[in-house]
file data_27.txt (compact mmCIF, C-alpha atoms)
# COMPACT_ATOMS: atom_id res chain seq x y z
CA MET A 1 7.70 95.79 -90.59
CA LYS A 2 10.77 95.74 -88.37
CA ILE A 3 12.03 98.84 -86.60
CA TYR A 4 15.74 98.31 -87.02
CA THR A 5 17.85 96.91 -89.82
CA GLY A 6 21.28 98.30 -88.94
CA SER A 7 21.61 99.78 -92.43
CA GLY A 8 22.34 103.16 -90.85
CA ASP A 9 25.12 101.93 -88.61
CA ARG A 10 27.75 103.53 -90.82
CA GLY A 11 26.26 106.99 -90.64
CA ARG A 12 24.14 106.98 -93.77
CA THR A 13 20.40 106.76 -94.22
CA SER A 14 17.80 106.69 -96.98
CA LEU A 15 15.60 109.59 -97.91
CA PHE A 16 11.96 108.82 -98.67
CA SER A 17 12.91 109.24 -102.32
CA GLY A 18 15.55 106.52 -101.98
CA GLU A 19 18.80 108.49 -102.06
CA ARG A 20 21.44 107.39 -99.59
CA VAL A 21 22.85 110.37 -97.72
CA ARG A 22 24.95 111.08 -94.67
CA LYS A 23 22.98 111.51 -91.50
CA ASP A 24 24.22 115.07 -91.18
CA HIS A 25 22.80 115.94 -94.61
CA ARG A 26 20.84 119.21 -94.51
CA ARG A 27 17.62 117.41 -95.42
CA ILE A 28 18.07 114.97 -92.54
CA GLU A 29 18.83 117.89 -90.22
CA ALA A 30 15.58 119.52 -91.34
CA TYR A 31 13.28 116.59 -90.78
CA GLY A 32 15.22 115.54 -87.70
CA ASP A 33 14.49 118.94 -86.18
CA LEU A 34 10.89 118.55 -87.28
CA ASP A 35 10.83 115.23 -85.42
CA GLU A 36 12.20 117.01 -82.37
CA LEU A 37 9.46 119.61 -82.65
CA ASN A 38 6.85 116.87 -82.84
CA SER A 39 8.28 115.26 -79.71
CA VAL A 40 8.26 118.56 -77.85
CA LEU A 41 4.63 119.00 -78.85
CA GLY A 42 3.98 115.60 -77.30
CA ALA A 43 5.60 116.77 -74.07
CA LEU A 44 3.58 119.99 -74.24
CA SER A 45 0.35 118.08 -74.71
CA ALA A 46 1.20 115.84 -71.76
CA ALA A 47 1.76 118.93 -69.61
CA VAL A 48 -1.60 120.43 -70.53
CA THR A 49 -4.29 119.58 -68.00
CA GLY A 50 -8.02 120.13 -68.21
CA LEU A 51 -7.96 121.50 -71.74
CA PRO A 52 -8.98 118.67 -74.06
CA ALA A 53 -9.64 121.05 -76.95
CA VAL A 54 -6.03 122.26 -76.82
CA GLN A 55 -4.78 118.68 -76.68
CA ALA A 56 -6.91 117.77 -79.71
CA GLU A 57 -5.51 120.78 -81.54
CA LEU A 58 -1.96 119.75 -80.71
CA SER A 59 -2.65 116.21 -81.87
CA GLY A 60 -3.83 117.58 -85.21
CA ILE A 61 -0.68 119.66 -85.49
CA GLN A 62 1.46 116.59 -84.78
CA SER A 63 -0.24 114.84 -87.70
CA ASP A 64 0.38 117.87 -89.90
CA LEU A 65 4.07 117.72 -89.01
CA PHE A 66 4.30 114.09 -90.14
CA HIS A 67 2.95 115.19 -93.48
CA LEU A 68 5.47 118.04 -93.69
CA GLY A 69 8.19 115.58 -92.75
CA ALA A 70 7.41 113.39 -95.76
CA TRP A 71 7.96 116.39 -98.04
CA LEU A 72 11.21 117.30 -96.30
CA ALA A 73 12.44 113.71 -96.66
CA THR A 74 11.91 113.76 -100.42
CA THR A 75 14.18 115.50 -102.89
CA PRO A 76 12.17 117.95 -105.00
CA GLU A 77 13.17 116.35 -108.31
CA ALA A 78 12.28 112.79 -107.26
CA PRO A 79 9.39 110.86 -108.82
CA ALA A 80 8.41 109.98 -105.24
CA THR A 81 6.95 113.48 -104.86
CA ALA A 82 4.03 112.21 -106.95
CA THR A 83 3.11 109.86 -104.10
CA LEU A 84 2.80 112.68 -101.57
CA ALA A 85 -0.43 114.50 -100.92
CA PRO A 86 -0.12 118.27 -101.33
CA ILE A 87 0.14 120.37 -98.18
CA ASP A 88 -3.27 121.91 -97.63
CA PRO A 89 -2.96 125.71 -97.16
CA GLN A 90 -6.10 125.55 -95.00
CA ARG A 91 -3.98 123.99 -92.28
CA SER A 92 -2.21 127.31 -91.85
CA GLY A 93 -5.62 128.97 -91.89
CA ARG A 94 -6.77 126.80 -89.01
CA LEU A 95 -3.76 127.96 -86.98
CA GLU A 96 -4.66 131.56 -87.70
CA SER A 97 -8.21 130.95 -86.48
CA ALA A 98 -6.88 129.40 -83.28
CA ILE A 99 -4.51 132.33 -82.75
CA ASP A 100 -7.37 134.83 -83.21
CA ARG A 101 -9.61 132.86 -80.85
CA MET A 102 -7.01 132.78 -78.06
CA GLU A 103 -5.86 136.35 -78.54
CA ALA A 104 -9.42 137.62 -78.17
CA GLU A 105 -9.34 136.42 -74.57
CA LEU A 106 -5.84 137.63 -73.69
CA PRO A 107 -4.82 140.99 -72.29
CA PRO A 108 -2.91 143.15 -74.77
CA LEU A 109 0.80 142.47 -75.00
CA ARG A 110 2.67 145.59 -73.86
CA GLY A 111 6.25 144.37 -73.84
CA PHE A 112 8.50 141.37 -74.04
CA ILE A 113 7.78 138.35 -71.90
CA LEU A 114 10.23 135.77 -70.67
CA PRO A 115 9.58 132.18 -71.71
CA GLY A 116 8.14 130.35 -68.73
CA GLY A 117 5.28 130.42 -66.29
CA HIS A 118 3.15 127.32 -65.96
CA PRO A 119 5.01 124.14 -67.02
CA SER A 120 2.70 123.72 -70.01
CA ALA A 121 3.38 127.30 -71.11
CA ALA A 122 7.11 126.73 -70.67
CA TRP A 123 6.84 123.70 -72.98
CA ALA A 124 4.94 125.81 -75.51
CA HIS A 125 7.87 128.25 -75.55
CA VAL A 126 10.34 125.40 -76.05
CA ALA A 127 8.19 124.16 -78.92
CA ARG A 128 8.09 127.65 -80.40
CA THR A 129 11.87 127.98 -80.47
CA VAL A 130 12.34 124.52 -81.96
CA CYS A 131 9.70 125.42 -84.55
CA ARG A 132 11.69 128.51 -85.50
CA ARG A 133 14.79 126.35 -85.97
CA VAL A 134 12.85 124.01 -88.25
CA GLU A 135 11.62 127.00 -90.18
CA ARG A 136 15.22 128.19 -90.68
CA ARG A 137 16.23 124.74 -91.92
CA VAL A 138 13.35 124.60 -94.38
CA VAL A 139 14.10 128.09 -95.68
CA GLY A 140 17.61 126.81 -96.37
CA LEU A 141 16.25 123.84 -98.31
CA ALA A 142 13.93 126.10 -100.29
CA ALA A 143 16.90 128.23 -101.32
CA GLU A 144 18.37 125.21 -103.09
CA GLY A 145 15.62 125.40 -105.68
CA GLY A 146 13.86 122.60 -107.54
CA PRO A 147 10.82 122.08 -109.71
CA PRO A 148 8.04 124.64 -109.17
CA GLU A 149 5.52 122.04 -107.98
CA ALA A 150 7.76 120.81 -105.18
CA GLY A 151 8.86 124.37 -104.45
CA GLU A 152 5.26 125.34 -103.86
CA GLN A 153 4.91 122.59 -101.26
CA VAL A 154 8.06 123.72 -99.45
CA GLN A 155 6.74 127.28 -99.51
CA ARG A 156 3.51 126.06 -97.94
CA ALA A 157 5.55 124.28 -95.27
CA ILE A 158 7.37 127.54 -94.50
CA VAL A 159 4.06 129.39 -94.15
CA TYR A 160 2.75 126.64 -91.87
CA LEU A 161 5.85 126.70 -89.65
CA ASN A 162 5.81 130.48 -89.43
CA ARG A 163 2.19 130.38 -88.36
CA LEU A 164 2.81 127.51 -85.96
CA SER A 165 5.52 129.51 -84.18
CA ASP A 166 3.05 132.35 -83.68
CA TYR A 167 0.41 129.88 -82.53
CA LEU A 168 2.77 128.44 -79.93
CA PHE A 169 3.64 131.88 -78.58
CA VAL A 170 -0.02 132.75 -78.15
CA LEU A 171 -0.75 129.28 -76.79
CA ALA A 172 1.90 129.80 -74.09
CA ARG A 173 0.13 132.96 -72.97
CA HIS A 174 -3.24 131.21 -73.19
CA LEU A 175 -1.98 128.37 -71.03
CA ASN A 176 -0.61 130.74 -68.42
CA ARG A 177 -3.91 132.57 -68.30
CA THR A 178 -6.04 129.43 -68.02
CA GLN A 179 -3.76 128.06 -65.30
CA GLY A 180 -3.86 131.31 -63.34
CA VAL A 181 -0.20 132.12 -63.86
CA ASP A 182 0.99 135.57 -64.90
CA ASP A 183 3.25 135.95 -67.92
CA VAL A 184 6.80 136.75 -66.82
CA ARG A 185 7.57 140.25 -68.04
CA TRP A 186 11.03 141.29 -69.13
CA ASN A 187 12.31 144.15 -67.01
CA ALA A 188 14.87 145.87 -69.20
CA MET B 1 -0.45 108.27 -107.03
CA GLU B 2 -2.50 109.56 -104.15
CA ARG B 3 -1.73 108.33 -100.67
CA LEU B 4 -4.40 105.81 -99.69
CA LYS B 5 -5.41 105.90 -96.06
CA PRO B 6 -5.62 102.55 -94.28
CA GLU B 7 -9.10 101.35 -93.42
CA THR B 8 -10.51 98.16 -91.95
CA PHE B 9 -12.17 95.76 -94.37
CA ALA B 10 -14.03 92.48 -93.99
CA THR B 11 -13.04 89.63 -96.27
CA ARG B 12 -13.12 85.85 -96.52
CA ILE B 13 -10.80 83.10 -97.65
CA LEU B 14 -11.54 82.10 -101.25
CA ALA B 15 -8.77 79.61 -101.92
CA ARG B 16 -5.45 78.32 -100.69
CA ARG B 17 -2.72 76.63 -102.67
CA PRO B 18 0.68 75.40 -101.60
CA LEU B 19 3.67 77.25 -103.01
CA SER B 20 6.16 74.85 -101.45
CA ALA B 21 6.45 72.70 -98.36
CA ARG B 22 7.10 75.89 -96.39
CA ALA B 23 4.72 78.42 -97.91
CA PHE B 24 1.25 78.80 -99.33
CA GLU B 25 -0.75 81.37 -101.21
CA LEU B 26 -4.01 82.62 -99.77
CA ALA B 27 -6.64 84.15 -102.02
CA LEU B 28 -9.00 86.56 -100.28
CA ALA B 29 -12.12 88.28 -101.54
CA LYS B 30 -11.33 91.85 -102.53
CA PRO B 31 -13.72 94.09 -100.60
CA ALA B 32 -15.54 96.85 -102.45
CA GLY B 33 -13.66 100.10 -102.05
CA PHE B 34 -10.32 98.54 -101.22
CA ARG B 35 -7.60 100.15 -103.32
CA PHE B 36 -3.85 99.89 -103.00
CA ALA B 37 -0.59 100.39 -104.84
CA ALA B 38 1.54 97.44 -105.92
CA GLY B 39 4.06 96.71 -103.20
CA GLN B 40 1.94 97.81 -100.26
CA ARG B 41 0.93 95.59 -97.36
CA ILE B 42 -2.06 94.84 -95.16
CA ALA B 43 -2.40 93.85 -91.52
CA LEU B 44 -4.42 90.66 -91.43
CA ARG B 45 -6.41 89.89 -88.28
CA MET B 46 -6.96 86.31 -87.28
CA GLY B 47 -7.90 84.86 -83.91
CA GLY B 48 -7.38 88.16 -82.12
CA ARG B 49 -3.90 88.63 -83.56
CA GLU B 50 -2.60 90.76 -86.37
CA ARG B 51 0.23 90.19 -88.86
CA ASP B 52 1.54 92.29 -91.71
CA TYR B 53 1.61 90.70 -95.16
CA SER B 54 2.71 92.25 -98.43
CA LEU B 55 0.14 91.95 -101.17
CA ALA B 56 1.30 89.60 -103.91
CA SER B 57 -1.53 90.54 -106.24
CA ALA B 58 -1.75 93.61 -108.44
CA PRO B 59 -4.39 96.27 -107.82
CA ALA B 60 -6.26 95.31 -110.99
CA GLU B 61 -6.51 91.62 -110.14
CA PRO B 62 -9.91 90.43 -108.95
CA GLU B 63 -8.69 88.80 -105.75
CA ILE B 64 -6.21 89.63 -103.02
CA ARG B 65 -3.30 87.24 -102.93
CA LEU B 66 -0.91 86.76 -100.05
CA CYS B 67 2.25 84.71 -100.02
CA ILE B 68 2.54 83.27 -96.54
CA ARG B 69 5.50 81.47 -95.06
CA SER B 70 4.55 78.68 -92.68
CA VAL B 71 6.26 79.54 -89.45
CA ALA B 72 6.96 76.65 -87.07
CA GLY B 73 4.78 77.38 -84.05
CA GLY B 74 3.43 80.49 -85.78
CA THR B 75 -0.07 81.17 -84.52
CA VAL B 76 -1.40 83.35 -87.32
CA SER B 77 0.23 81.52 -90.22
CA GLY B 78 -0.86 78.21 -88.67
CA GLU B 79 -4.46 79.34 -88.31
CA LEU B 80 -4.47 80.71 -91.85
CA GLU B 81 -3.14 77.40 -93.11
CA ARG B 82 -5.87 75.44 -91.34
CA ALA B 83 -8.85 77.78 -91.69
CA PRO B 84 -11.64 76.41 -93.90
CA ILE B 85 -12.32 78.04 -97.24
CA GLY B 86 -14.98 80.68 -96.67
CA THR B 87 -13.65 81.70 -93.26
CA ALA B 88 -14.43 85.36 -92.54
CA LEU B 89 -11.63 87.61 -91.34
CA SER B 90 -10.64 91.23 -91.52
CA PHE B 91 -7.65 93.32 -92.42
CA ARG B 92 -6.45 96.88 -92.14
CA GLY B 93 -4.74 98.55 -95.05
CA PRO B 94 -3.23 99.41 -97.35
CA ASP B 95 -0.09 100.57 -95.67
CA GLY B 96 3.55 101.14 -96.53
CA TYR B 97 5.62 103.06 -99.02
CA PHE B 98 7.38 100.16 -100.72
CA THR B 99 6.09 100.96 -104.17
CA PHE B 100 7.77 100.86 -107.54
CA THR B 101 8.62 104.05 -109.40
CA PRO B 102 10.11 103.58 -112.89
CA SER B 103 13.24 105.59 -113.62
CA ALA B 104 16.10 105.75 -116.11
CA ARG B 105 18.12 103.41 -113.88
CA THR B 106 17.68 99.66 -113.88
CA ALA B 107 15.60 98.37 -110.99
CA VAL B 108 17.20 95.60 -108.97
CA PHE B 109 14.63 93.67 -106.95
CA VAL B 110 16.20 91.71 -104.09
CA ALA B 111 14.07 89.27 -102.10
CA THR B 112 14.51 86.53 -99.59
CA GLY B 113 11.80 83.89 -99.24
CA SER B 114 8.28 85.26 -99.17
CA GLY B 115 9.78 88.74 -99.56
CA VAL B 116 9.24 88.17 -103.26
CA ALA B 117 5.52 88.86 -102.79
CA PRO B 118 5.58 92.64 -103.43
CA PHE B 119 7.70 92.06 -106.54
CA ARG B 120 5.08 89.69 -107.88
CA SER B 121 2.56 92.49 -107.29
CA MET B 122 4.76 95.10 -109.00
CA ALA B 123 5.40 92.84 -111.99
CA ALA B 124 1.70 92.01 -112.33
CA ALA B 125 1.05 95.75 -112.25
CA GLY B 126 3.42 96.46 -115.12
CA ALA B 127 7.00 96.52 -113.83
CA SER B 128 9.39 94.85 -116.25
CA ARG B 129 13.02 94.80 -117.42
CA TYR B 130 14.18 94.51 -113.83
CA ILE B 131 16.92 92.37 -112.36
CA LEU B 132 15.48 90.06 -109.73
CA LEU B 133 17.57 88.23 -107.16
CA HIS B 134 15.55 85.76 -105.12
CA GLY B 135 17.34 84.19 -102.18
CA VAL B 136 15.89 80.90 -100.97
CA ASP B 137 17.03 77.74 -99.19
CA ALA B 138 15.73 75.37 -101.87
CA ALA B 139 14.55 75.63 -105.47
CA GLU B 140 10.99 74.71 -104.49
CA ASP B 141 10.80 78.09 -102.69
CA LEU B 142 11.23 80.07 -105.91
CA TYR B 143 7.63 81.24 -105.85
CA TYR B 144 6.19 82.86 -108.97
CA ALA B 145 9.44 82.08 -110.81
CA GLU B 146 7.95 81.64 -114.28
CA MET B 147 6.00 84.88 -114.24
CA LEU B 148 8.83 86.90 -112.69
CA ARG B 149 11.46 85.47 -115.03
CA GLY B 150 9.33 86.27 -118.06
CA LEU B 151 9.32 89.99 -117.36
CA ALA B 152 12.88 90.32 -116.12
CA THR B 153 16.08 91.34 -117.83
CA ALA B 154 17.75 88.92 -115.46
CA TYR B 155 16.18 86.52 -112.98
CA VAL B 156 18.70 85.03 -110.60
CA PRO B 157 17.69 82.42 -108.04
CA CYS B 158 20.25 82.53 -105.23
CA ILE B 159 20.63 79.35 -103.21
CA PRO B 160 23.52 79.37 -100.75
CA HIS B 161 24.49 75.71 -100.95
CA PRO B 162 27.34 74.00 -102.80
CA GLY B 163 25.93 72.29 -105.87
CA ALA B 164 22.85 74.53 -105.90
CA THR B 165 23.49 75.37 -109.56
CA ASP B 166 21.90 72.05 -110.48
CA ALA B 167 18.67 72.87 -108.62
CA ALA B 168 17.08 75.13 -111.23
CA PRO B 169 18.03 77.03 -114.38
CA GLY B 170 20.39 79.95 -113.83
CA VAL B 171 20.91 79.39 -110.13
CA PHE B 172 23.66 81.32 -108.41
CA ALA B 173 25.17 79.24 -105.60
CA GLY B 174 25.37 81.91 -102.95
CA ARG B 175 23.45 84.59 -101.15
CA VAL B 176 21.82 87.52 -102.90
CA THR B 177 24.43 89.75 -101.30
CA ASP B 178 27.23 87.58 -102.67
CA TYR B 179 25.78 88.16 -106.11
CA LEU B 180 25.61 91.92 -105.58
CA ALA B 181 29.15 91.99 -104.23
CA GLY B 182 30.73 89.96 -106.99
CA ARG B 183 28.53 89.61 -110.03
CA LEU B 184 26.50 92.75 -110.57
CA ALA B 185 28.55 95.25 -112.56
CA PRO B 186 29.16 98.53 -110.73
CA GLY B 187 26.78 101.33 -111.58
CA ALA B 188 23.83 103.25 -110.25
CA PHE B 189 20.64 101.25 -109.77
CA ASP B 190 17.28 101.53 -108.05
CA PHE B 191 17.46 98.83 -105.39
CA TYR B 192 14.28 97.43 -103.91
CA ALA B 193 15.00 95.01 -101.06
CA CYS B 194 12.36 92.99 -99.26
CA GLY B 195 12.82 90.21 -96.76
CA ARG B 196 15.06 89.39 -93.84
CA ARG B 197 16.54 92.18 -91.79
CA ASP B 198 20.15 91.12 -92.27
CA MET B 199 19.66 90.93 -96.03
CA VAL B 200 18.12 94.41 -96.17
CA ARG B 201 20.98 95.75 -94.08
CA ASN B 202 23.66 94.17 -96.24
CA VAL B 203 22.06 95.20 -99.52
CA THR B 204 21.89 98.77 -98.27
CA LEU B 205 25.52 98.79 -97.16
CA LEU B 206 26.58 97.26 -100.47
CA ALA B 207 24.68 99.96 -102.30
CA ASP B 208 26.61 102.57 -100.34
CA GLU B 209 29.97 100.98 -101.00
CA ARG B 210 29.74 99.45 -104.44
CA PHE B 211 26.91 101.26 -106.21
CA PRO B 212 27.17 104.97 -105.35
CA GLY B 213 24.38 107.15 -106.67
CA SER B 214 21.86 104.34 -106.35
CA LEU B 215 18.48 104.65 -104.70
CA VAL B 216 17.50 102.16 -102.00
CA PHE B 217 13.95 101.27 -100.99
CA SER B 218 13.31 98.51 -98.49
CA GLU B 219 10.70 96.55 -96.60
CA THR B 220 11.81 94.36 -93.72
CA PHE B 221 9.87 91.20 -92.97
CA TYR B 222 11.58 89.31 -90.18
call {"tool": "encode", "arguments": {"input": "data_27.txt", "output": "structure tokens"}}
result
Amino acid sequence: MKIYTGSGDRGRTSLFSGERVRKDHRRIEAYGDLDELNSVLGALSAAVTGLPAVQAELSGIQSDLFHLGAWLATTPEAPATATLAPIDPQRSGRLESAIDRMEAELPPLRGFILPGGHPSAAWAHVARTVCRRVERRVVGLAAEGGPPEAGEQVQRAIVYLNRLSDYLFVLARHLNRTQGVDDVRWNA
Amino acid sequence: MERLKPETFATRILARRPLSARAFELALAKPAGFRFAAGQRIALRMGGRERDYSLASAPAEPEIRLCIRSVAGGTVSGELERAPIGTALSFRGPDGYFTFTPSARTAVFVATGSGVAPFRSMAAAGASRYILLHGVDAAEDLYYAEMLRGLATAYVPCIPHPGATDAAPGVFAGRVTDYLAGRLAPGAFDFYACGRRDMVRNVTLLADERFPGSLVFSETFY
């Protein structure tokens, strides 16, 4: 399989379901932002030191995002949806478990914090904000409607992204704590 | 169709037959538990190297068949061409998303050379009433022609040489993209393109310009 063909040189690309669309199509924007999120997670993982369990967790999330990307790259009405594995709701559940585990070890949050701190925590905040943008894109796609089966998968993707944003916020605090860096409080 | 995760399998060479002076078909034992969808590919390991090959056989066929182009100086294809029958080797697969999905639109299969392999697989798995354009340098490279023609609405060998129309029945003397640009009536189709990079690129651009509303699926070989 070759990486480049040049078939997108005129500003159009193929969805997974075969449709040719402009590269600024809302569906391309959605999975393009998801790709950006995945890349930021890679940078975050590279910035994490001495926490192999966190890196393994991030790697699992990166795989989850590939799966979500396949759904975003497929129009809901397309027969190609039949080739995609459903999004497992337990993936969101695993994020919730991780959030609960980390929060149990963190001091209570008593105000707003500024994104930053240890470089790994700063990356987690960047990932969180990109994740929120992806979530907004996907909510926009969901509003376009489609068959119930595909709609359910998009809804599961929204739940996953919402939970992932929360996970990344808590992870940023967790990383600051494990690296001995205080959260940066907002002084209003 | 569920997504099948690639795994590594052991196999052995069962048979080899020439398809032309430039290509041969390799039959491999189908390992227990190996499942795939027509149109997918495997990564064959030989002599410490790995090469991707589309499966030419259908999932229900008893053996795995690969259509392999002999590459001048090619290490893997050369070793596969010389390896004794019974040679053990391994592969990883299945992989890829180049699978056929029937729709209300006519499917147009476009291949160059050994890129016809996945279409042989799709046809053996039940695809029919397609238009198939097979671009080759010489009529002897029209692999699987009889079987593919029998299931097609139109089977068009495309040979880009003056006088090529005498080489085989129904030959179009030109490239597959020339046929798409000048002979295929405008409309919306499901294009499946497999083969050389420049062909895949040009088919896709033609679909954008001449056949709006079409779907395009592609697999690039070389």
call {"tool": "closest_atom_pairs", "arguments": {"input": "data_27.txt", "of": "chain A", "to": "chain B", "cutoff": "8 Å", "atoms": "all atoms listed in the file", "output": "JSON lines"}}
result
{"residue": "A:Met1", "atom": "CA", "partner": "B:Thr220", "partner_atom": "CA", "distance": 5.4}
{"residue": "A:Lys2", "atom": "CA", "partner": "B:Thr220", "partner_atom": "CA", "distance": 5.6}
{"residue": "A:Tyr4", "atom": "CA", "partner": "B:Arg197", "partner_atom": "CA", "distance": 7.8}
{"residue": "A:Thr5", "atom": "CA", "partner": "B:Arg197", "partner_atom": "CA", "distance": 5.3}
{"residue": "A:Gly6", "atom": "CA", "partner": "B:Arg201", "partner_atom": "CA", "distance": 5.7}
{"residue": "A:Ser7", "atom": "CA", "partner": "B:Arg201", "partner_atom": "CA", "distance": 4.4}
{"residue": "A:Ser14", "atom": "CA", "partner": "B:Val216", "partner_atom": "CA", "distance": 6.8}
{"residue": "A:Ser17", "atom": "CA", "partner": "B:Leu215", "partner_atom": "CA", "distance": 7.6}
{"residue": "A:Gly18", "atom": "CA", "partner": "B:Leu215", "partner_atom": "CA", "distance": 4.4}
{"residue": "A:Glu19", "atom": "CA", "partner": "B:Leu215", "partner_atom": "CA", "distance": 4.7}
{"residue": "A:Arg20", "atom": "CA", "partner": "B:Leu215", "partner_atom": "CA", "distance": 6.5}
{"residue": "A:Pro79", "atom": "CA", "partner": "B:Thr101", "partner_atom": "CA", "distance": 6.9}
{"residue": "A:Ala80", "atom": "CA", "partner": "B:Thr101", "partner_atom": "CA", "distance": 7.2}
{"residue": "A:Ala82", "atom": "CA", "partner": "B:Met1", "partner_atom": "CA", "distance": 6.0}
{"residue": "A:Thr83", "atom": "CA", "partner": "B:Met1", "partner_atom": "CA", "distance": 4.9}
{"residue": "A:Leu84", "atom": "CA", "partner": "B:Arg3", "partner_atom": "CA", "distance": 6.3}
{"residue": "A:Ala85", "atom": "CA", "partner": "B:Glu2", "partner_atom": "CA", "distance": 6.3}
call {"tool": "write_last_selection", "arguments": {"input": "data_27.txt", "atoms": "C-alpha atoms", "output": "mmCIF file, in the frame of the given file"}}
result
data_model
loop_
_atom_site.group_PDB
_atom_site.id
_atom_site.type_symbol
_atom_site.label_atom_id
_atom_site.label_comp_id
_atom_site.auth_asym_id
_atom_site.auth_seq_id
_atom_site.Cartn_x
_atom_site.Cartn_y
_atom_site.Cartn_z
ATOM 1 C CA MET A 1 7.700 95.790 -90.590
ATOM 2 C CA LYS A 2 10.770 95.740 -88.370
ATOM 3 C CA TYR A 4 15.740 98.310 -87.020
ATOM 4 C CA THR A 5 17.850 96.910 -89.820
ATOM 5 C CA GLY A 6 21.280 98.300 -88.940
ATOM 6 C CA SER A 7 21.610 99.780 -92.430
ATOM 7 C CA SER A 14 17.800 106.690 -96.980
ATOM 8 C CA SER A 17 12.910 109.240 -102.320
ATOM 9 C CA GLY A 18 15.550 106.520 -101.980
ATOM 10 C CA GLU A 19 18.800 108.490 -102.060
ATOM 11 C CA ARG A 20 21.440 107.390 -99.590
ATOM 12 C CA PRO A 79 9.390 110.860 -108.820
ATOM 13 C CA ALA A 80 8.410 109.980 -105.240
ATOM 14 C CA ALA A 82 4.030 112.210 -106.950
ATOM 15 C CA THR A 83 3.110 109.860 -104.100
ATOM 16 C CA LEU A 84 2.800 112.680 -101.570
ATOM 17 C CA ALA A 85 -0.430 114.500 -100.920
#
call {"tool": "residues_around", "arguments": {"input": "data_27.txt", "residues": "Ala168 (chain B)", "least_positions_apart": "6", "cutoff": "10 Å", "atoms": "only C-alpha atoms", "output": "number ranges by chain"}}
result
B: 138-140, 142, 157, 159
call {"tool": "write_last_selection", "arguments": {"input": "data_27.txt", "atoms": "C-alpha atoms", "output": "short mmCIF file (atom, residue, chain, number, x, y, z; two decimals), in the frame of the given file"}}
result
data_model
loop_
_atom_site.label_atom_id
_atom_site.label_comp_id
_atom_site.auth_asym_id
_atom_site.auth_seq_id
_atom_site.Cartn_x
_atom_site.Cartn_y
_atom_site.Cartn_z
CA ALA B 138 15.73 75.37 -101.87
CA ALA B 139 14.55 75.63 -105.47
CA GLU B 140 10.99 74.71 -104.49
CA LEU B 142 11.23 80.07 -105.91
CA PRO B 157 17.69 82.42 -108.04
CA ILE B 159 20.63 79.35 -103.21
#
call {"tool": "atom_distance", "arguments": {"input": "data_27.txt", "atom1": "CA of Arg35 (chain B)", "atom2": "CA of Tyr130 (chain B)"}}
result
24.8 Å
call {"tool": "atom_distance", "arguments": {"input": "data_27.txt", "atom1": "CA of Val116 (chain B)", "atom2": "CA of Gly11 (chain A)"}}
result
28.3 Å
call {"tool": "closest_residue", "arguments": {"input": "data_27.txt", "among": "B:Ala21, B:Ile85, B:Ile13, B:Glu61", "to": "Asp137 (chain B)", "atoms": "all atoms listed in the file"}}
result
B:Ala21
call {"tool": "residues_around", "arguments": {"input": "data_27.txt", "residues": "region 138-143 of chain A", "least_positions_apart": "4", "cutoff": "10 Å", "atoms": "all atoms listed in the file", "output": "VMD selection string"}}
result
chain A and resid 26 to 27 29 to 31 34 72 75 to 76 132 to 134 150 to 155 157 to 158 161
call {"tool": "closest_residue", "arguments": {"input": "data_27.txt", "among": "A:Glu149, A:Val40, A:Ala98, A:Arg163", "to": "Val54 (chain A)", "atoms": "all atoms listed in the file"}}
result
A:Ala98
call {"tool": "atom_distance", "arguments": {"input": "data_27.txt", "atom1": "CA of Ala181 (chain B)", "atom2": "CA of Ala104 (chain B)"}}
result
22.4 Å
call {"tool": "residues_near_point", "arguments": {"input": "data_27.txt", "point": "(-3.9, 137.3, -76.1)", "cutoff": "10 Å", "atoms": "all atoms listed in the file", "output": "ChimeraX atom specification"}}
result
/A:99-109,169-174,177
call {"tool": "residues_around", "arguments": {"input": "data_27.txt", "residues": "Arg94 (chain A)", "least_positions_apart": "6", "cutoff": "12 Å", "atoms": "all atoms listed in the file", "output": "VMD selection string"}}
result
chain A and resid 57 to 58 60 to 61 64 88 100 to 101 160 163 to 164 167
call {"tool": "build_atoms", "arguments": {"input": "data_27.txt", "residues": "region 28-34 of chain A", "atoms": "N, CA and C atoms", "output": "PDB file, in the frame of the given file"}}
result
ATOM      1  N   ILE A  28      18.266 115.765 -93.756  1.00  0.00           N
ATOM      2  CA  ILE A  28      18.070 114.970 -92.540  1.00  0.00           C
ATOM      3  C   ILE A  28      18.007 115.889 -91.321  1.00  0.00           C
ATOM      4  N   GLU A  29      18.871 116.921 -91.320  1.00  0.00           N
ATOM      5  CA  GLU A  29      18.830 117.890 -90.220  1.00  0.00           C
ATOM      6  C   GLU A  29      17.442 118.534 -90.150  1.00  0.00           C
ATOM      7  N   ALA A  30      16.878 118.841 -91.316  1.00  0.00           N
ATOM      8  CA  ALA A  30      15.580 119.520 -91.340  1.00  0.00           C
ATOM      9  C   ALA A  30      14.479 118.628 -90.786  1.00  0.00           C
ATOM     10  N   TYR A  31      14.386 117.396 -91.289  1.00  0.00           N
ATOM     11  CA  TYR A  31      13.280 116.590 -90.780  1.00  0.00           C
ATOM     12  C   TYR A  31      13.593 115.977 -89.422  1.00  0.00           C
ATOM     13  N   GLY A  32      14.870 115.947 -89.063  1.00  0.00           N
ATOM     14  CA  GLY A  32      15.220 115.540 -87.700  1.00  0.00           C
ATOM     15  C   GLY A  32      14.767 116.597 -86.698  1.00  0.00           C
ATOM     16  N   ASP A  33      14.976 117.861 -87.055  1.00  0.00           N
ATOM     17  CA  ASP A  33      14.490 118.940 -86.180  1.00  0.00           C
ATOM     18  C   ASP A  33      12.968 118.958 -86.140  1.00  0.00           C
ATOM     19  N   LEU A  34      12.359 118.623 -87.264  1.00  0.00           N
ATOM     20  CA  LEU A  34      10.890 118.550 -87.280  1.00  0.00           C
ATOM     21  C   LEU A  34      10.425 117.434 -86.343  1.00  0.00           C
TER      22      LEU A  34
END
